[in-house]
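File shown: my_file23.csv. Contents: CSV, C-alpha atoms.
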chain,number,residue,atom,x,y,z
A,884,MET,CA,98.0,125.6,109.1
A,885,LEU,CA,94.3,124.8,109.3
A,886,PHE,CA,93.3,127.3,106.5
A,887,GLU,CA,96.5,126.5,104.5
A,888,LEU,CA,97.7,130.1,104.7
A,889,GLU,CA,101.3,131.2,104.6
A,890,ILE,CA,102.7,132.4,107.9
A,891,SER,CA,104.0,135.6,106.3
A,892,TYR,CA,100.5,136.4,105.0
A,893,ALA,CA,98.9,135.8,108.4
A,894,VAL,CA,101.4,138.0,110.1
A,895,SER,CA,100.9,140.9,107.6
A,896,GLU,CA,97.1,140.7,108.0
A,897,ILE,CA,97.4,140.8,111.8
A,898,ASN,CA,99.8,143.8,111.7
A,899,LYS,CA,97.6,145.9,109.4
A,900,ARG,CA,94.1,145.1,110.8
A,901,TYR,CA,93.3,146.6,114.2
A,902,GLU,CA,90.1,144.4,114.6
A,903,LEU,CA,92.2,141.2,114.2
A,904,ARG,CA,94.8,142.3,116.8
A,905,LYS,CA,92.0,143.3,119.2
A,906,PHE,CA,90.4,139.8,118.8
A,907,LEU,CA,93.8,138.1,119.4
A,908,ARG,CA,94.6,140.5,122.3
A,909,ILE,CA,97.8,141.5,120.6
A,910,ASP,CA,99.0,145.1,121.3
A,911,ASP,CA,102.4,145.2,119.6
A,912,GLU,CA,103.4,144.5,116.0
A,913,VAL,CA,104.1,140.8,115.3
A,914,LYS,CA,107.6,140.1,113.9
A,915,LEU,CA,107.7,137.4,111.3
A,916,ARG,CA,111.2,136.1,112.4
A,917,SER,CA,109.9,135.6,116.0
A,918,VAL,CA,107.0,133.5,114.8
A,919,TYR,CA,109.4,131.3,112.7
A,920,ASN,CA,111.8,131.0,115.7
A,921,PHE,CA,108.9,130.0,118.0
A,922,MET,CA,107.6,127.3,115.5
A,923,SER,CA,111.1,125.9,115.0
A,924,LYS,CA,111.5,125.2,118.7
A,925,PHE,CA,108.9,122.4,118.6
A,926,GLU,CA,109.8,119.0,117.1
A,927,SER,CA,107.3,116.9,115.2
A,928,ASN,CA,107.3,114.3,118.0
A,929,GLN,CA,106.0,117.0,120.4
A,930,PHE,CA,103.2,117.7,118.0
A,931,ILE,CA,102.4,114.0,117.7
A,932,ASN,CA,102.4,113.4,121.4
A,933,LEU,CA,100.2,116.5,121.9
A,934,VAL,CA,97.7,115.2,119.4
A,935,PHE,CA,97.2,111.8,120.9
A,936,SER,CA,97.2,113.2,124.5
A,937,ILE,CA,94.2,115.4,123.4
A,938,LEU,CA,92.4,112.5,121.6
A,939,ASN,CA,92.9,110.2,124.6
A,940,ALA,CA,92.2,112.8,127.3
A,941,ASN,CA,88.5,111.9,127.7
A,942,SER,CA,88.9,108.1,127.4
A,943,LYS,CA,87.3,106.7,130.6
A,944,ARG,CA,89.3,103.5,130.6
A,945,ARG,CA,91.8,101.5,128.6
A,946,ARG,CA,90.7,98.7,126.4
A,947,LYS,CA,90.2,95.4,128.4
A,948,LYS,CA,88.9,93.3,125.5
A,949,PRO,CA,90.5,92.7,122.1
A,950,SER,CA,89.4,95.3,119.5
A,951,LEU,CA,88.9,95.5,115.8
A,952,LEU,CA,91.4,97.9,114.2
A,953,ILE,CA,92.1,99.1,110.7
A,954,LEU,CA,95.5,99.8,109.4
A,955,ASP,CA,96.0,101.6,106.0
A,956,TRP,CA,98.2,104.0,104.2
A,957,THR,CA,97.7,107.1,102.1
A,958,ASP,CA,99.8,109.2,99.8
A,959,ILE,CA,101.0,112.6,100.8
A,960,SER,CA,101.6,114.5,97.6
A,961,LEU,CA,103.7,117.7,97.9
A,962,ASP,CA,103.3,120.9,95.9
A,963,LEU,CA,106.0,120.1,93.4
A,964,ASN,CA,106.1,120.2,89.7
A,965,PRO,CA,106.1,116.5,88.6
A,966,PHE,CA,107.4,117.3,85.1
A,967,ARG,CA,110.6,118.9,86.3
A,968,ARG,CA,113.7,116.7,86.3
A,969,ARG,CA,114.9,116.2,89.9
A,970,ASP,CA,117.8,114.5,91.6
A,971,LEU,CA,116.0,112.8,94.5
A,972,LYS,CA,119.1,111.0,95.9
A,973,ASN,CA,119.3,113.2,99.1
A,974,LYS,CA,115.7,114.4,99.1
A,975,PRO,CA,113.2,113.2,101.8
A,976,TYR,CA,110.4,113.1,99.1
A,977,LYS,CA,110.3,110.3,96.5
A,978,TRP,CA,108.2,109.0,93.7
A,979,GLY,CA,105.5,106.7,94.9
A,980,TYR,CA,102.4,105.0,93.4
A,981,SER,CA,98.8,104.9,94.6
A,982,THR,CA,95.5,104.0,93.0
A,983,LYS,CA,95.4,107.5,91.5
A,984,GLY,CA,98.8,107.0,89.8
A,985,PHE,CA,102.3,108.3,90.4
A,986,PHE,CA,102.9,111.1,92.9
A,987,LEU,CA,105.9,112.9,94.3
A,988,GLY,CA,106.0,113.1,98.1
A,989,MET,CA,105.7,110.7,101.1
A,990,LYS,CA,103.3,108.2,102.6
A,991,MET,CA,101.5,108.0,105.9
A,992,MET,CA,100.4,104.9,107.7
A,993,ILE,CA,97.4,105.3,110.0
A,994,LEU,CA,95.7,103.0,112.5
A,995,ILE,CA,92.1,103.6,113.6
A,996,ASP,CA,89.7,102.0,116.0
A,997,TYR,CA,86.8,100.5,114.0
A,998,LYS,CA,84.2,101.1,116.6
A,999,THR,CA,84.9,104.8,117.4
A,1000,LEU,CA,86.9,105.7,114.3
A,1001,THR,CA,89.4,107.4,116.6
A,1002,PRO,CA,93.0,107.6,115.1
A,1003,LEU,CA,95.4,105.7,117.4
A,1004,PHE,CA,98.6,106.1,115.5
A,1005,PHE,CA,100.2,107.5,112.3
A,1006,HIS,CA,103.7,107.3,110.8
A,1007,VAL,CA,105.2,109.2,107.9
A,1008,TYR,CA,107.8,107.4,105.7
A,1009,PRO,CA,109.3,107.6,102.2
A,1010,ALA,CA,107.0,107.1,99.3
A,1011,ASN,CA,109.2,104.6,97.6
A,1012,ILE,CA,108.8,102.0,100.4
A,1013,HIS,CA,106.1,99.4,99.9
A,1014,GLU,CA,103.6,98.9,102.7
A,1015,SER,CA,104.4,95.2,102.9
A,1016,ARG,CA,108.0,96.1,103.7
A,1017,ILE,CA,107.3,98.6,106.4
A,1018,TYR,CA,104.6,96.4,108.0
A,1019,PRO,CA,106.9,94.6,110.5
A,1020,LEU,CA,108.3,98.0,111.6
A,1021,ILE,CA,104.8,99.3,112.2
A,1022,LEU,CA,103.8,96.3,114.3
A,1023,GLU,CA,107.0,96.8,116.4
A,1024,MET,CA,106.2,100.5,116.9
A,1025,LEU,CA,102.5,99.7,117.9
A,1026,LYS,CA,103.7,97.0,120.3
A,1027,ARG,CA,106.3,99.4,121.9
A,1028,ARG,CA,103.7,102.1,122.3
A,1029,LYS,CA,101.2,99.5,123.8
A,1030,LEU,CA,98.6,100.4,121.1
A,1031,ILE,CA,98.0,96.7,120.3
A,1032,LYS,CA,97.2,93.9,122.7
A,1033,PHE,CA,97.0,90.2,122.4
A,1034,GLY,CA,93.9,89.2,120.4
A,1035,ASP,CA,93.4,92.4,118.5
A,1036,ALA,CA,92.2,92.0,114.9
A,1037,ILE,CA,93.7,94.4,112.4
A,1038,ILE,CA,92.1,94.7,108.9
A,1039,MET,CA,94.5,95.6,106.1
A,1040,ASP,CA,94.2,95.8,102.3
A,1041,ARG,CA,95.9,93.6,99.7
A,1042,GLY,CA,99.0,95.8,99.7
A,1043,PHE,CA,100.1,94.0,102.9
A,1044,TYR,CA,99.4,90.6,101.4
A,1045,SER,CA,101.9,87.8,101.7
A,1046,TYR,CA,101.9,84.5,103.6
A,1047,LYS,CA,104.9,85.8,105.6
A,1048,ASN,CA,103.0,88.8,106.8
A,1049,TYR,CA,100.2,86.6,108.2
A,1050,LEU,CA,102.9,84.8,110.2
A,1051,ILE,CA,104.5,88.0,111.4
A,1052,GLY,CA,101.1,89.2,112.7
A,1053,ILE,CA,100.4,86.0,114.6
A,1054,ARG,CA,103.9,86.3,116.3
A,1055,TYR,CA,103.0,89.8,117.5
A,1056,GLY,CA,99.8,88.3,119.1
A,1057,VAL,CA,97.3,89.9,116.7
A,1058,VAL,CA,94.9,88.6,114.1
A,1059,PRO,CA,96.2,90.0,110.8
A,1060,LEU,CA,93.1,90.2,108.6
A,1061,ILE,CA,94.9,91.0,105.4
A,1062,ILE,CA,92.5,90.8,102.4
A,1063,PRO,CA,93.7,87.8,100.5
A,1064,ARG,CA,94.4,87.7,96.8
A,1065,GLU,CA,92.9,85.2,94.3
A,1066,LYS,CA,95.5,82.5,94.6
A,1067,PHE,CA,95.4,82.4,98.4
A,1068,ARG,CA,95.0,79.0,99.9
A,1069,PHE,CA,93.9,78.3,103.5
A,1070,ASN,CA,95.7,74.9,103.7
A,1071,ARG,CA,99.0,76.5,102.7
A,1072,LEU,CA,98.7,79.2,105.3
A,1073,GLU,CA,97.8,76.7,108.1
A,1074,GLY,CA,100.8,74.5,107.0
A,1075,LEU,CA,103.2,77.5,107.4
A,1076,ILE,CA,101.9,78.7,110.8
A,1077,SER,CA,104.0,77.5,113.8
A,1078,TYR,CA,104.3,78.5,117.5
A,1079,PRO,CA,106.6,81.5,118.2
A,1080,LEU,CA,109.8,80.2,119.8
A,1081,PHE,CA,109.6,82.6,122.8
A,1082,ILE,CA,106.4,80.9,124.2
A,1083,PHE,CA,108.5,77.9,125.1
A,1084,ASN,CA,110.3,80.0,127.7
A,1085,SER,CA,107.0,80.8,129.4
A,1086,LYS,CA,106.0,79.1,132.7
A,1087,ASN,CA,102.9,77.5,131.2
A,1088,VAL,CA,103.7,76.4,127.7
A,1089,GLU,CA,100.4,74.6,127.1
A,1090,LYS,CA,98.4,77.7,128.1
A,1091,GLU,CA,100.4,79.8,125.6
A,1092,LYS,CA,99.8,77.3,122.9
A,1093,LYS,CA,96.1,77.4,123.4
A,1094,ARG,CA,96.2,81.2,123.1
A,1095,TYR,CA,98.0,81.1,119.8
A,1096,ARG,CA,95.7,78.3,118.5
A,1097,ARG,CA,92.8,80.6,119.3
A,1098,LEU,CA,94.5,83.4,117.3
A,1099,VAL,CA,94.9,81.1,114.3
A,1100,ARG,CA,91.2,80.0,114.5
A,1101,LYS,CA,90.1,83.7,114.6
A,1102,LEU,CA,92.4,84.4,111.6
A,1103,VAL,CA,90.8,81.6,109.5
A,1104,GLU,CA,87.3,82.6,110.5
A,1105,GLY,CA,88.0,86.3,109.9
A,1106,LEU,CA,89.5,85.8,106.4
A,1107,LYS,CA,86.2,84.3,105.3
A,1108,LYS,CA,84.3,87.4,106.2
A,1109,ASN,CA,83.6,90.4,103.9
A,1110,LEU,CA,86.7,92.4,104.9
A,1111,LYS,CA,86.3,94.9,102.0
A,1112,LYS,CA,83.0,96.1,103.4
A,1113,LEU,CA,84.5,96.4,106.9
A,1114,ARG,CA,87.6,98.2,105.7
A,1115,ALA,CA,85.7,100.7,103.4
A,1116,ILE,CA,85.2,103.2,106.3
A,1117,ILE,CA,88.9,104.0,106.6
A,1118,GLU,CA,88.9,105.4,103.0
A,1119,ASP,CA,86.3,107.9,104.1
A,1120,VAL,CA,88.4,108.7,107.2
A,1121,ILE,CA,91.5,109.3,105.1
A,1122,LYS,CA,89.5,111.4,102.6
A,1123,LEU,CA,88.2,113.6,105.4
A,1124,GLY,CA,91.7,114.3,106.7
A,1125,LYS,CA,93.0,115.1,103.2
A,1126,GLU,CA,90.1,117.0,101.7
A,1127,ALA,CA,88.7,118.8,104.7
A,1128,TYR,CA,91.7,119.2,107.0
A,1129,GLY,CA,94.5,120.3,104.7
A,1130,MET,CA,96.6,117.3,104.0
A,1131,LYS,CA,96.6,117.7,100.2
A,1132,GLY,CA,99.3,119.4,98.1
A,1133,LEU,CA,101.4,120.4,101.1
A,1134,HIS,CA,103.9,123.2,100.8
A,1135,CYS,CA,106.4,121.3,102.9
A,1136,TYR,CA,109.5,119.5,101.6
A,1137,SER,CA,111.0,117.7,104.6
A,1138,PHE,CA,109.7,115.2,107.2
A,1139,GLU,CA,109.5,117.5,110.2
A,1140,PRO,CA,107.0,120.1,108.7
A,1141,VAL,CA,105.0,117.3,107.0
A,1142,LYS,CA,104.6,115.4,110.3
A,1143,LYS,CA,103.4,118.6,111.9
A,1144,ARG,CA,100.8,119.2,109.2
A,1145,CYS,CA,99.7,115.5,109.4
A,1146,SER,CA,99.4,115.9,113.2
A,1147,LEU,CA,96.9,118.7,112.8
A,1148,SER,CA,94.9,116.8,110.2
A,1149,VAL,CA,94.8,113.7,112.5
A,1150,LEU,CA,93.8,115.9,115.5
A,1151,LEU,CA,90.9,117.5,113.6
A,1152,THR,CA,89.8,114.2,112.2
A,1153,GLY,CA,89.8,112.6,115.6
A,1154,MET,CA,87.9,115.5,117.2
A,1155,THR,CA,85.3,115.3,114.5
A,1156,PHE,CA,84.6,111.7,115.5
A,1157,LYS,CA,84.7,112.6,119.2
A,1158,LEU,CA,81.9,115.0,118.6
A,1159,GLY,CA,79.8,112.1,117.3
A,1160,PHE,CA,80.1,112.5,113.5
A,1161,ARG,CA,80.7,108.9,112.7
A,1162,GLU,CA,78.1,107.9,110.1
A,1163,LYS,CA,79.4,107.2,106.6
A,1164,LYS,CA,77.1,109.6,104.8
A,1165,VAL,CA,78.0,112.4,107.3
A,1166,ILE,CA,81.7,111.8,106.9
A,1167,GLN,CA,81.4,111.9,103.1
A,1168,LYS,CA,79.5,115.2,103.2
A,1169,LEU,CA,82.1,116.7,105.5
A,1170,SER,CA,84.8,115.7,103.1
A,1171,GLU,CA,83.0,117.4,100.2
A,1172,TRP,CA,82.1,120.5,102.1

Please rewrite the model in this file as structure tokens.
Amino acid sequence: MLFELEISYAVSEINKRYELRKFLRIDDEVKLRSVYNFMSKFESNQFINLVFSILNANSKRRRKKPSLLILDWTDISLDLNPFRRRDLKNKPYKWGYSTKGFFLGMKMMILIDYKTLTPLFFHVYPANIHESRIYPLILEMLKRRKLIKFGDAIIMDRGFYSYKNYLIGIRYGVVPLIIPREKFRFNRLEGLISYPLFIFNSKNVEKEKKRYRRLVRKLVEGLKKNLKKLRAIIEDVIKLGKEAYGMKGLHCYSFEPVKKRCSLSVLLTGMTFKLGFREKKVIQKLSEW
């Protein structure tokens, strides 16, 4: 998977090269069917859980203070002929659009910690779903997995933009720093924001109101900052995963194998940052290597 080799090719090389079998400590001939059967036993969720258990294995303690996170998406283009006429009605891959143009495949949403660049979460979904539509689902998944805590600030690009999405973020207890568009107005946003209804069931309503007012204040202050500059690092992170760690032109055509390949890419990307390679120039060099 790392070197983008077909399993059949790897098995044939092992069987015909004695030095390779000696290095791998394999005495008998490897059967291709047994390899496929072994791989099919593992579900993609097992791969995903393994990846994040490895990336979080050496974390000394959980986050106690609110953090700055970055949420973004990338296209996952599959190795398919885009000029062939296809019936995509029952296919997991769809036509999507990115800054590079139209592509045939899927999308992947990824969340990273701004300070350490460590990937915290990723989710693969159909390419024809806009990120602004899947945004509430992603927040629900992050909350359920306890990956976001009250007061966390999440930087997102203009694809997530809408006044409604600012309100949704506040209701989840985070500061949704979605890069605003030209016609954005602060006074309109402030007029739409209201307290979530569930805080009125709390024991100390006034205390909860203060917490949410603090979130709104952080949101207004954050939207005045240069969010494009802060967000730029995730583009290099995504490029590293795609260019250096085999997440480009995948020979997979369903969600399960795509998730497994994405798991490997996220794991290698996270391990790269764990080893201390976090400078922008270094990441760019690794992507082009």

| request: Pick out the closest residue to Arg1016 (chain A) from this set: A:Gly1042, A:Pro1063, A:Pro1002, A:Gly984. Count all atoms listed in the file. | output: A:Gly1042

What are the nearest atom pairs, with distances in Å to one decimal, for all residues of region 943-1034 of chain A that come at most 9 Å from region 1156-1171 of chain A, using only C-alpha atoms, set out by chain and rising residue number as a Markdown table?
| residue | atom | partner | partner_atom | distance |
| --- | --- | --- | --- | --- |
| A:Thr999 | CA | A:Phe1156 | CA | 7.2 |
| A:Leu1000 | CA | A:Phe1156 | CA | 6.5 |
| A:Thr1001 | CA | A:Phe1156 | CA | 6.5 |

Determine, counting all atoms listed in the file, which protein, DNA and RNA residues have an atom within 9 Å of an atom of Tyr976 (chain A); residues of the same chain fewer than 6 positions away are not included. Present the result as a compact mmCIF listing (two decimals) with C-alpha atoms, in the coordinates of the input.
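As a result, around_18.txt now contains:
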# COMPACT_ATOMS: atom_id res chain seq x y z
CA LEU A 961 103.70 117.70 97.90
CA LEU A 987 105.90 112.90 94.30
CA GLY A 988 106.00 113.10 98.10
CA MET A 989 105.70 110.70 101.10
CA PRO A 1009 109.30 107.60 102.20
CA ALA A 1010 107.00 107.10 99.30
CA ASN A 1011 109.20 104.60 97.60
CA TYR A 1136 109.50 119.50 101.60
CA SER A 1137 111.00 117.70 104.60
CA PHE A 1138 109.70 115.20 107.20

| request: Up to 12 Å from (107.8, 108.3, 104.2) in the file's coordinates: name the residues, counting all atoms listed in the file, as a count of residues only. | output: 34

| task | Skip Glu1091 (chain A) itself and residues of its chain fewer than 2 positions away, then list as a list in words all residues within 12 Å of it, counting all atoms listed in the file. | result | Phe1033, Arg1054, Gly1056, Tyr1078, Pro1079, Leu1080, Phe1081, Ile1082, Phe1083, Asn1084, Ser1085, Lys1086, Asn1087, Val1088, Glu1089, Lys1093, Arg1094, Tyr1095, Arg1096, Arg1097 and Leu1098 of chain A

| message | Under the rule that only C-alpha atoms are counted, which of A:Leu1020, A:Leu1072, A:Leu963, A:Ile1061 is the nearest residue to Lys1111 (chain A)? | response |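 Residue with the minimum atom-to-atom distance to Lys1111 (chain A): A:Ile1061.
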
| task | For a cut-off of 10 Å around (89.7, 83.4, 112.2), file coordinates, pick out all residues using all atoms listed in the file and list them as an MDAnalysis selection string. | result | chainID A and resid 1036 1058:1060 1097:1108

| Which residue gives the smallest distance to Asp911 (chain A) among A:Phe925, A:Lys1131, A:Val894, A:Phe966, with all atoms listed in the file counted? |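 Selected residue with least distance to Asp911 (chain A): A:Val894.
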
| said: Using all atoms listed in the file, can you tell me which of A:Phe906, A:Tyr1128, A:Tyr901, A:Tyr1049 comes closest to Ile1076 (chain A)? | reply: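 Counting all atoms listed in the file, the residue closest to Ile1076 (chain A) is A:Tyr1049.
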
| Pick from A:Leu1151, A:Met1039, A:Leu994, A:Lys899: nearest to Met1024 (chain A), with all atoms listed in the file counted? |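 Of A:Leu1151, A:Met1039, A:Leu994, A:Lys899, the one nearest Met1024 (chain A), counting all atoms listed in the file, is A:Leu994.
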
| request: Write out as an MDAnalysis selection string each polymer residue whose atoms come within 8 Å of Lys1143 (chain A), counting all atoms listed in the file; drop sequence neighbours fewer than 2 positions from it. | output: chainID A and resid 927 930:931 1139:1141 1145:1147

| task | Choose the residue, out of A:Asp962, A:Asp1119, A:Glu926, A:Asp955, that has the smallest atom-to-atom separation from Ile1062 (chain A); count all atoms listed in the file. | result |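 Distance minimum relative to Ile1062 (chain A) lands on A:Asp955.
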
| request: Between CA of His1134 (chain A) and CA of Glu889 (chain A), measure the distance and give it in Å to one decimal. | output: 9.2 Å

| Quick one, how far is CA of Leu952 (chain A) from CA of Ile1021 (chain A)? |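 Distance reported for this atom pair: 13.6 Å.
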
| said: Quick check, in Å to one decimal: how far apart do CA of Leu915 (chain A) and CA of Tyr892 (chain A) lie? | reply: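 Computed distance, CA of Leu915 (chain A) to CA of Tyr892 (chain A), equals 9.6 Å.
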
Filtering to C-alpha atoms, could region 987-1084 of chain A of the supplied structure be written out as a PDB file, in the first residue's frame?
ATOM      1  CA  LEU A 987     -14.317  11.358 -10.300  1.00  0.00           C
ATOM      2  CA  GLY A 988     -14.038   9.822  -6.853  1.00  0.00           C
ATOM      3  CA  MET A 989     -14.776  10.769  -3.256  1.00  0.00           C
ATOM      4  CA  LYS A 990     -13.943  13.437  -0.687  1.00  0.00           C
ATOM      5  CA  MET A 991     -12.166  13.287   2.642  1.00  0.00           C
ATOM      6  CA  MET A 992     -12.702  15.666   5.576  1.00  0.00           C
ATOM      7  CA  ILE A 993      -9.720  16.001   7.919  1.00  0.00           C
ATOM      8  CA  LEU A 994      -9.207  17.758  11.265  1.00  0.00           C
ATOM      9  CA  ILE A 995      -5.722  18.681  12.526  1.00  0.00           C
ATOM     10  CA  ASP A 996      -4.319  20.360  15.615  1.00  0.00           C
ATOM     11  CA  TYR A 997      -2.803  23.698  14.580  1.00  0.00           C
ATOM     12  CA  LYS A 998       0.030  23.550  17.125  1.00  0.00           C
ATOM     13  CA  THR A 999       1.279  20.001  16.501  1.00  0.00           C
ATOM     14  CA  LEU A1000      -0.239  19.417  13.011  1.00  0.00           C
ATOM     15  CA  THR A1001      -1.325  15.980  14.264  1.00  0.00           C
ATOM     16  CA  PRO A1002      -4.374  14.578  12.410  1.00  0.00           C
ATOM     17  CA  LEU A1003      -7.214  14.082  14.885  1.00  0.00           C
ATOM     18  CA  PHE A1004      -9.969  12.827  12.612  1.00  0.00           C
ATOM     19  CA  PHE A1005     -10.867  12.064   9.015  1.00  0.00           C
ATOM     20  CA  HIS A1006     -14.058  11.046   7.251  1.00  0.00           C
ATOM     21  CA  VAL A1007     -14.584   9.809   3.680  1.00  0.00           C
ATOM     22  CA  TYR A1008     -17.874  10.702   1.963  1.00  0.00           C
ATOM     23  CA  PRO A1009     -19.369  11.011  -1.577  1.00  0.00           C
ATOM     24  CA  ALA A1010     -17.835  13.639  -3.853  1.00  0.00           C
ATOM     25  CA  ASN A1011     -21.176  15.171  -4.822  1.00  0.00           C
ATOM     26  CA  ILE A1012     -21.925  16.360  -1.251  1.00  0.00           C
ATOM     27  CA  HIS A1013     -20.910  19.946  -0.545  1.00  0.00           C
ATOM     28  CA  GLU A1014     -18.847  20.542   2.601  1.00  0.00           C
ATOM     29  CA  SER A1015     -21.377  23.044   3.955  1.00  0.00           C
ATOM     30  CA  ARG A1016     -24.019  20.278   3.939  1.00  0.00           C
ATOM     31  CA  ILE A1017     -21.903  17.680   5.738  1.00  0.00           C
ATOM     32  CA  TYR A1018     -20.586  20.222   8.261  1.00  0.00           C
ATOM     33  CA  PRO A1019     -23.280  19.534  10.953  1.00  0.00           C
ATOM     34  CA  LEU A1020     -22.693  15.780  10.643  1.00  0.00           C
ATOM     35  CA  ILE A1021     -18.933  16.269  11.099  1.00  0.00           C
ATOM     36  CA  LEU A1022     -19.462  18.373  14.236  1.00  0.00           C
ATOM     37  CA  GLU A1023     -21.769  15.694  15.649  1.00  0.00           C
ATOM     38  CA  MET A1024     -19.155  13.003  14.966  1.00  0.00           C
ATOM     39  CA  LEU A1025     -16.398  15.103  16.571  1.00  0.00           C
ATOM     40  CA  LYS A1026     -18.533  15.706  19.646  1.00  0.00           C
ATOM     41  CA  ARG A1027     -19.471  12.039  19.968  1.00  0.00           C
ATOM     42  CA  ARG A1028     -15.788  11.027  19.755  1.00  0.00           C
ATOM     43  CA  LYS A1029     -14.876  13.764  22.272  1.00  0.00           C
ATOM     44  CA  LEU A1030     -12.435  15.352  19.818  1.00  0.00           C
ATOM     45  CA  ILE A1031     -13.763  18.855  20.400  1.00  0.00           C
ATOM     46  CA  LYS A1032     -14.317  20.566  23.718  1.00  0.00           C
ATOM     47  CA  PHE A1033     -16.077  23.738  24.753  1.00  0.00           C
ATOM     48  CA  GLY A1034     -14.132  26.784  23.597  1.00  0.00           C
ATOM     49  CA  ASP A1035     -12.134  25.133  20.794  1.00  0.00           C
ATOM     50  CA  ALA A1036     -11.674  27.352  17.740  1.00  0.00           C
ATOM     51  CA  ILE A1037     -11.940  25.651  14.334  1.00  0.00           C
ATOM     52  CA  ILE A1038     -10.624  27.411  11.210  1.00  0.00           C
ATOM     53  CA  MET A1039     -12.488  26.547   7.983  1.00  0.00           C
ATOM     54  CA  ASP A1040     -12.370  27.867   4.432  1.00  0.00           C
ATOM     55  CA  ARG A1041     -15.120  29.678   2.522  1.00  0.00           C
ATOM     56  CA  GLY A1042     -16.679  26.395   1.393  1.00  0.00           C
ATOM     57  CA  PHE A1043     -18.279  26.128   4.833  1.00  0.00           C
ATOM     58  CA  TYR A1044     -19.566  29.696   4.740  1.00  0.00           C
ATOM     59  CA  SER A1045     -23.131  30.534   5.703  1.00  0.00           C
ATOM     60  CA  TYR A1046     -24.652  32.455   8.600  1.00  0.00           C
ATOM     61  CA  LYS A1047     -26.400  29.233   9.606  1.00  0.00           C
ATOM     62  CA  ASN A1048     -23.096  27.375   9.969  1.00  0.00           C
ATOM     63  CA  TYR A1049     -21.768  30.023  12.357  1.00  0.00           C
ATOM     64  CA  LEU A1050     -24.837  29.448  14.531  1.00  0.00           C
ATOM     65  CA  ILE A1051     -24.459  25.658  14.378  1.00  0.00           C
ATOM     66  CA  GLY A1052     -20.843  25.906  15.521  1.00  0.00           C
ATOM     67  CA  ILE A1053     -21.766  28.085  18.490  1.00  0.00           C
ATOM     68  CA  ARG A1054     -24.466  25.596  19.526  1.00  0.00           C
ATOM     69  CA  TYR A1055     -21.830  22.843  19.578  1.00  0.00           C
ATOM     70  CA  GLY A1056     -19.738  24.972  21.941  1.00  0.00           C
ATOM     71  CA  VAL A1057     -16.933  25.790  19.478  1.00  0.00           C
ATOM     72  CA  VAL A1058     -15.759  28.987  17.798  1.00  0.00           C
ATOM     73  CA  PRO A1059     -16.429  28.391  14.055  1.00  0.00           C
ATOM     74  CA  LEU A1060     -13.810  30.581  12.360  1.00  0.00           C
ATOM     75  CA  ILE A1061     -15.203  30.176   8.839  1.00  0.00           C
ATOM     76  CA  ILE A1062     -13.448  32.580   6.462  1.00  0.00           C
ATOM     77  CA  PRO A1063     -16.197  35.075   5.565  1.00  0.00           C
ATOM     78  CA  ARG A1064     -17.105  36.175   2.048  1.00  0.00           C
ATOM     79  CA  GLU A1065     -17.223  39.732   0.718  1.00  0.00           C
ATOM     80  CA  LYS A1066     -20.846  40.496   1.635  1.00  0.00           C
ATOM     81  CA  PHE A1067     -20.460  39.241   5.203  1.00  0.00           C
ATOM     82  CA  ARG A1068     -21.806  41.628   7.890  1.00  0.00           C
ATOM     83  CA  PHE A1069     -20.952  41.382  11.580  1.00  0.00           C
ATOM     84  CA  ASN A1070     -24.124  43.137  12.706  1.00  0.00           C
ATOM     85  CA  ARG A1071     -26.289  40.611  10.860  1.00  0.00           C
ATOM     86  CA  LEU A1072     -24.420  37.691  12.433  1.00  0.00           C
ATOM     87  CA  GLU A1073     -24.718  39.146  15.928  1.00  0.00           C
ATOM     88  CA  GLY A1074     -28.447  39.700  15.363  1.00  0.00           C
ATOM     89  CA  LEU A1075     -28.969  36.035  14.433  1.00  0.00           C
ATOM     90  CA  ILE A1076     -27.059  34.513  17.348  1.00  0.00           C
ATOM     91  CA  SER A1077     -29.159  33.333  20.280  1.00  0.00           C
ATOM     92  CA  TYR A1078     -28.618  31.064  23.267  1.00  0.00           C
ATOM     93  CA  PRO A1079     -29.098  27.323  22.642  1.00  0.00           C
ATOM     94  CA  LEU A1080     -32.348  26.181  24.227  1.00  0.00           C
ATOM     95  CA  PHE A1081     -30.748  23.330  26.165  1.00  0.00           C
ATOM     96  CA  ILE A1082     -28.753  25.708  28.414  1.00  0.00           C
ATOM     97  CA  PHE A1083     -32.005  26.764  30.083  1.00  0.00           C
ATOM     98  CA  ASN A1084     -32.230  23.257  31.546  1.00  0.00           C
TER      99      ASN A1084
END
